[in-house]
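Written out below as structure tokens is the structure these notes cover.
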Amino acid sequence: MIEDKKIILFDGVCNLCNNAVQFVIKRDKKDIFRYAALQSEIGQELVAQRQIDTSKIDSIILIEPGVAYYTKSDAALEIAQDLGGIWRLSAIFTWIPTPIRDRIYDFVAKNRYKWFGKQDACMIPTPELKAKFLD
């Protein structure tokens, strides 16, 4: 049931973003997350429902259905917290004011294609991972 899962929306053509999703999938032992590319129909529907202007927010988006959504460094830190274990130590970064964290996030986001590359199309999950991705 999707209502009890957190949704990670990501740039489906960004190598850094795809690698981040693979990183989370490997460490999501409690099966907390589901995934969708921002470019997908469901991704566009989810951001439209929340009136998120993706032309102004170049970010990963974490949606907690019925609760809230997070962008930029807040999304990354929320995801890390949910992974548990050693990743909970990322909470220390919440002590850094959000505008400073987001400035660093924006710098990386602005340069991600140059530094990490870009794919021609969105990632296609393997059959084993298909159930974790929203259609």
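Labeling convention for the structure tokens: chains A, B, ... as they appear, residues from 1 per chain, ligands from 1 in order of appearance.
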Q: Would you kindly return, as an MDAnalysis selection string, each protein, DNA or RNA residue with an atom no farther than 7 Å from any atom of Leu62 of chain A, considering only C-alpha atoms and excluding same-chain residues fewer than 2 positions away?
A: chainID A and resid 6:9 60 64 69:71 75
Residues from last step as file, all heavy atoms, as an mmCIF file, in the first residue's frame:
```cif
data_model
loop_
_atom_site.group_PDB
_atom_site.id
_atom_site.type_symbol
_atom_site.label_atom_id
_atom_site.label_comp_id
_atom_site.auth_asym_id
_atom_site.auth_seq_id
_atom_site.Cartn_x
_atom_site.Cartn_y
_atom_site.Cartn_z
ATOM 1 N N LYS A 6 7.128 6.194 2.071
ATOM 2 C CA LYS A 6 7.625 7.518 1.717
ATOM 3 C C LYS A 6 8.092 7.448 0.269
ATOM 4 O O LYS A 6 8.613 6.430 -0.165
ATOM 5 C CB LYS A 6 8.752 7.931 2.652
ATOM 6 C CG LYS A 6 8.269 8.059 4.092
ATOM 7 C CD LYS A 6 9.379 8.465 5.020
ATOM 8 C CE LYS A 6 8.850 8.545 6.441
ATOM 9 N NZ LYS A 6 9.881 9.030 7.360
ATOM 10 N N ILE A 7 7.892 8.526 -0.453
ATOM 11 C CA ILE A 7 8.195 8.541 -1.885
ATOM 12 C C ILE A 7 9.366 9.470 -2.154
ATOM 13 O O ILE A 7 9.338 10.636 -1.750
ATOM 14 C CB ILE A 7 6.966 8.994 -2.691
ATOM 15 C CG1 ILE A 7 5.775 8.083 -2.390
ATOM 16 C CG2 ILE A 7 7.289 9.017 -4.179
ATOM 17 C CD1 ILE A 7 4.445 8.644 -2.863
ATOM 18 N N ILE A 8 10.360 8.942 -2.840
ATOM 19 C CA ILE A 8 11.506 9.741 -3.262
ATOM 20 C C ILE A 8 11.348 10.039 -4.744
ATOM 21 O O ILE A 8 11.307 9.133 -5.565
ATOM 22 C CB ILE A 8 12.842 9.011 -3.001
ATOM 23 C CG1 ILE A 8 13.033 8.760 -1.498
ATOM 24 C CG2 ILE A 8 14.008 9.806 -3.582
ATOM 25 C CD1 ILE A 8 14.256 7.930 -1.156
ATOM 26 N N LEU A 9 11.229 11.332 -5.059
ATOM 27 C CA LEU A 9 11.195 11.783 -6.454
ATOM 28 C C LEU A 9 12.594 12.277 -6.798
ATOM 29 O O LEU A 9 13.176 13.060 -6.055
ATOM 30 C CB LEU A 9 10.172 12.904 -6.638
ATOM 31 C CG LEU A 9 8.727 12.563 -6.287
ATOM 32 C CD1 LEU A 9 7.840 13.791 -6.456
ATOM 33 C CD2 LEU A 9 8.223 11.424 -7.143
ATOM 34 N N ILE A 60 15.964 16.748 -5.175
ATOM 35 C CA ILE A 60 15.292 15.508 -4.808
ATOM 36 C C ILE A 60 14.129 15.929 -3.914
ATOM 37 O O ILE A 60 14.223 16.925 -3.191
ATOM 38 C CB ILE A 60 16.273 14.557 -4.080
ATOM 39 C CG1 ILE A 60 15.702 13.165 -3.963
ATOM 40 C CG2 ILE A 60 16.663 15.079 -2.722
ATOM 41 C CD1 ILE A 60 16.731 12.122 -3.529
ATOM 42 N N GLU A 64 6.120 12.396 2.344
ATOM 43 C CA GLU A 64 5.489 11.541 3.340
ATOM 44 C C GLU A 64 3.997 11.724 3.139
ATOM 45 O O GLU A 64 3.442 12.733 3.571
ATOM 46 C CB GLU A 64 5.873 11.962 4.760
ATOM 47 C CG GLU A 64 7.197 11.470 5.225
ATOM 48 C CD GLU A 64 7.396 11.709 6.713
ATOM 49 O OE1 GLU A 64 6.756 11.003 7.524
ATOM 50 O OE2 GLU A 64 8.184 12.590 7.043
ATOM 51 N N TYR A 69 6.159 17.229 2.735
ATOM 52 C CA TYR A 69 7.190 16.919 1.746
ATOM 53 C C TYR A 69 8.420 17.738 2.076
ATOM 54 O O TYR A 69 8.346 18.771 2.727
ATOM 55 C CB TYR A 69 6.704 17.143 0.311
ATOM 56 C CG TYR A 69 6.539 18.583 -0.099
ATOM 57 C CD1 TYR A 69 7.616 19.324 -0.582
ATOM 58 C CD2 TYR A 69 5.296 19.207 -0.023
ATOM 59 C CE1 TYR A 69 7.471 20.645 -0.956
ATOM 60 C CE2 TYR A 69 5.138 20.523 -0.398
ATOM 61 C CZ TYR A 69 6.225 21.239 -0.862
ATOM 62 O OH TYR A 69 6.075 22.546 -1.224
ATOM 63 N N TYR A 70 9.578 17.224 1.644
ATOM 64 C CA TYR A 70 10.865 17.851 1.926
ATOM 65 C C TYR A 70 11.630 17.989 0.622
ATOM 66 O O TYR A 70 11.509 17.148 -0.266
ATOM 67 C CB TYR A 70 11.688 16.983 2.892
ATOM 68 C CG TYR A 70 10.958 16.655 4.167
ATOM 69 C CD1 TYR A 70 10.193 15.488 4.273
ATOM 70 C CD2 TYR A 70 11.012 17.501 5.261
ATOM 71 C CE1 TYR A 70 9.509 15.181 5.438
ATOM 72 C CE2 TYR A 70 10.327 17.206 6.434
ATOM 73 C CZ TYR A 70 9.581 16.044 6.514
ATOM 74 O OH TYR A 70 8.896 15.740 7.664
ATOM 75 N N THR A 71 12.423 19.044 0.528
ATOM 76 C CA THR A 71 13.263 19.262 -0.642
ATOM 77 C C THR A 71 14.691 19.550 -0.197
ATOM 78 O O THR A 71 14.956 19.784 0.978
ATOM 79 C CB THR A 71 12.751 20.459 -1.483
ATOM 80 O OG1 THR A 71 12.798 21.646 -0.696
ATOM 81 C CG2 THR A 71 11.339 20.221 -1.997
ATOM 82 N N ALA A 75 15.393 17.038 2.510
ATOM 83 C CA ALA A 75 15.007 15.732 1.969
ATOM 84 C C ALA A 75 16.140 14.725 2.169
ATOM 85 O O ALA A 75 15.906 13.597 2.623
ATOM 86 C CB ALA A 75 14.652 15.843 0.485
#
```
Name all residues at most 9 Å from segment 19-25 of chain A (count only C-alpha atoms; drop same-chain ones fewer than 3 positions away) and give them as a CSV table (one decimal) with N, CA and C atoms, in the first residue's frame.
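Below is the file part38.csv, written as the result:
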```csv
chain,number,residue,atom,x,y,z
A,8,ILE,N,10.4,8.9,-2.8
A,8,ILE,CA,11.5,9.7,-3.3
A,8,ILE,C,11.3,10.0,-4.7
A,10,PHE,N,13.1,11.8,-7.9
A,10,PHE,CA,14.5,12.2,-8.3
A,10,PHE,C,14.6,12.4,-9.8
A,14,CYS,N,19.8,11.9,-14.2
A,14,CYS,CA,21.0,12.3,-13.6
A,14,CYS,C,21.7,11.1,-13.0
A,15,ASN,N,23.0,11.0,-13.3
A,15,ASN,CA,23.8,9.8,-12.8
A,15,ASN,C,23.9,9.9,-11.3
A,16,LEU,N,24.2,11.1,-10.8
A,16,LEU,CA,24.3,11.2,-9.3
A,16,LEU,C,23.0,10.8,-8.6
A,28,ASP,N,17.8,0.4,2.5
A,28,ASP,CA,16.4,0.5,3.0
A,28,ASP,C,15.9,-0.9,3.5
A,29,LYS,N,16.5,-1.3,4.6
A,29,LYS,CA,16.2,-2.7,5.1
A,29,LYS,C,14.7,-2.8,5.6
A,31,ASP,N,12.2,-1.3,4.1
A,31,ASP,CA,11.3,-1.1,3.0
A,31,ASP,C,10.4,0.1,3.2
A,33,PHE,N,10.8,3.2,1.5
A,33,PHE,CA,10.7,4.1,0.4
A,33,PHE,C,10.1,3.4,-0.9
A,35,TYR,N,9.9,4.9,-5.2
A,35,TYR,CA,10.7,5.8,-6.0
A,35,TYR,C,10.0,6.2,-7.3
A,79,ILE,N,15.9,11.4,4.5
A,79,ILE,CA,16.1,10.0,4.0
A,79,ILE,C,17.2,9.3,4.8
A,80,ALA,N,18.3,10.0,5.1
A,80,ALA,CA,19.4,9.4,5.8
A,80,ALA,C,18.9,9.0,7.2
A,83,LEU,N,17.0,5.7,7.1
A,83,LEU,CA,17.9,4.5,6.9
A,83,LEU,C,18.3,3.9,8.2
A,129,LEU,N,13.7,-4.9,-8.7
A,129,LEU,CA,13.4,-3.6,-8.1
A,129,LEU,C,12.2,-2.9,-8.6
A,132,LYS,N,9.5,-1.5,-6.3
A,132,LYS,CA,9.8,-0.3,-5.5
A,132,LYS,C,9.6,1.0,-6.3
```
(Q) To one decimal place in Å, what is the distance between atom CA of Pro97 of chain A and atom CA of Gln81 of chain A? (A) 17.4 Å
Q: Please run DSSP on the backbone and report, as a PyMOL selection string, all residues within segment 14-74 of chain A that come out as alpha helix (DSSP H).
A: chain A and resi 15-27+41-49+72-74
Just N, CA, C and O atoms for this one: save the residues we selected as a short mmCIF file (atom, residue, chain, number, x, y, z; two decimals), in the first residue's frame.
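Below you can see again-v8.cif, which holds the result:
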```
data_model
loop_
_atom_site.label_atom_id
_atom_site.label_comp_id
_atom_site.auth_asym_id
_atom_site.auth_seq_id
_atom_site.Cartn_x
_atom_site.Cartn_y
_atom_site.Cartn_z
N ASN A 15 23.00 10.95 -13.33
CA ASN A 15 23.79 9.83 -12.81
C ASN A 15 23.95 9.91 -11.30
O ASN A 15 23.85 8.88 -10.61
N LEU A 16 24.21 11.08 -10.76
CA LEU A 16 24.34 11.24 -9.31
C LEU A 16 23.04 10.83 -8.62
O LEU A 16 23.05 10.10 -7.63
N CYS A 17 21.92 11.29 -9.14
CA CYS A 17 20.61 10.98 -8.55
C CYS A 17 20.31 9.49 -8.62
O CYS A 17 19.83 8.90 -7.64
N ASN A 18 20.57 8.87 -9.77
CA ASN A 18 20.34 7.43 -9.91
C ASN A 18 21.22 6.64 -8.95
O ASN A 18 20.78 5.66 -8.36
N ASN A 19 22.47 7.06 -8.81
CA ASN A 19 23.36 6.39 -7.86
C ASN A 19 22.89 6.57 -6.42
O ASN A 19 22.98 5.65 -5.61
N ALA A 20 22.36 7.75 -6.11
CA ALA A 20 21.82 7.99 -4.77
C ALA A 20 20.63 7.08 -4.50
O ALA A 20 20.50 6.52 -3.41
N VAL A 21 19.76 6.91 -5.49
CA VAL A 21 18.61 6.02 -5.33
C VAL A 21 19.09 4.58 -5.12
O VAL A 21 18.59 3.87 -4.24
N GLN A 22 20.07 4.14 -5.88
CA GLN A 22 20.62 2.79 -5.71
C GLN A 22 21.21 2.62 -4.30
O GLN A 22 21.05 1.58 -3.67
N PHE A 23 21.87 3.67 -3.83
CA PHE A 23 22.45 3.68 -2.48
C PHE A 23 21.35 3.48 -1.44
O PHE A 23 21.48 2.66 -0.53
N VAL A 24 20.27 4.23 -1.57
CA VAL A 24 19.16 4.14 -0.62
C VAL A 24 18.50 2.77 -0.69
O VAL A 24 18.22 2.15 0.34
N ILE A 25 18.26 2.27 -1.90
CA ILE A 25 17.61 0.96 -2.06
C ILE A 25 18.40 -0.12 -1.32
O ILE A 25 17.82 -0.95 -0.61
N LYS A 26 19.71 -0.11 -1.44
CA LYS A 26 20.54 -1.13 -0.80
C LYS A 26 20.48 -1.05 0.72
O LYS A 26 20.67 -2.06 1.40
N ARG A 27 20.21 0.13 1.26
CA ARG A 27 20.23 0.32 2.71
C ARG A 27 18.83 0.43 3.34
O ARG A 27 18.71 0.54 4.54
N GLU A 41 5.20 10.33 -15.38
CA GLU A 41 3.82 10.82 -15.24
C GLU A 41 3.42 10.91 -13.77
O GLU A 41 2.87 11.91 -13.32
N ILE A 42 3.74 9.88 -12.99
CA ILE A 42 3.39 9.89 -11.56
C ILE A 42 4.20 10.95 -10.82
O ILE A 42 3.68 11.61 -9.92
N GLY A 43 5.46 11.13 -11.20
CA GLY A 43 6.28 12.18 -10.59
C GLY A 43 5.69 13.55 -10.82
O GLY A 43 5.58 14.36 -9.90
N GLN A 44 5.28 13.80 -12.05
CA GLN A 44 4.67 15.09 -12.39
C GLN A 44 3.34 15.28 -11.64
O GLN A 44 3.03 16.37 -11.18
N GLU A 45 2.58 14.20 -11.52
CA GLU A 45 1.30 14.26 -10.81
C GLU A 45 1.52 14.58 -9.33
O GLU A 45 0.82 15.42 -8.75
N LEU A 46 2.51 13.94 -8.71
CA LEU A 46 2.79 14.16 -7.29
C LEU A 46 3.26 15.58 -7.00
O LEU A 46 2.86 16.18 -6.01
N VAL A 47 4.11 16.13 -7.88
CA VAL A 47 4.56 17.51 -7.64
C VAL A 47 3.42 18.50 -7.91
O VAL A 47 3.29 19.50 -7.21
N ALA A 48 2.58 18.21 -8.90
CA ALA A 48 1.45 19.10 -9.20
C ALA A 48 0.46 19.12 -8.04
O ALA A 48 -0.04 20.19 -7.66
N GLN A 49 0.19 17.97 -7.44
CA GLN A 49 -0.72 17.90 -6.30
C GLN A 49 -0.23 18.76 -5.14
O GLN A 49 -1.02 19.32 -4.39
N LYS A 72 15.58 19.50 -1.17
CA LYS A 72 16.99 19.85 -1.00
C LYS A 72 17.62 19.12 0.18
O LYS A 72 17.43 17.92 0.35
N SER A 73 18.39 19.84 1.00
CA SER A 73 19.12 19.19 2.09
C SER A 73 18.19 18.58 3.13
O SER A 73 18.53 17.55 3.73
N ASP A 74 17.02 19.17 3.33
CA ASP A 74 16.07 18.58 4.28
C ASP A 74 15.64 17.19 3.81
O ASP A 74 15.53 16.26 4.62
#
```
(Q) Please return, as a PyMOL selection string, all residues of segment 2-127 of chain A that DSSP assigns to strand (DSSP E) on the basis of the backbone. (A) chain A and resi 6-10+33-37+61-64+68-71
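Nearest residue to Ala109 of chain A among A:Ile52, A:Leu134, A:Ile57, A:Ala68 is A:Ile57, counting only C-alpha atoms.
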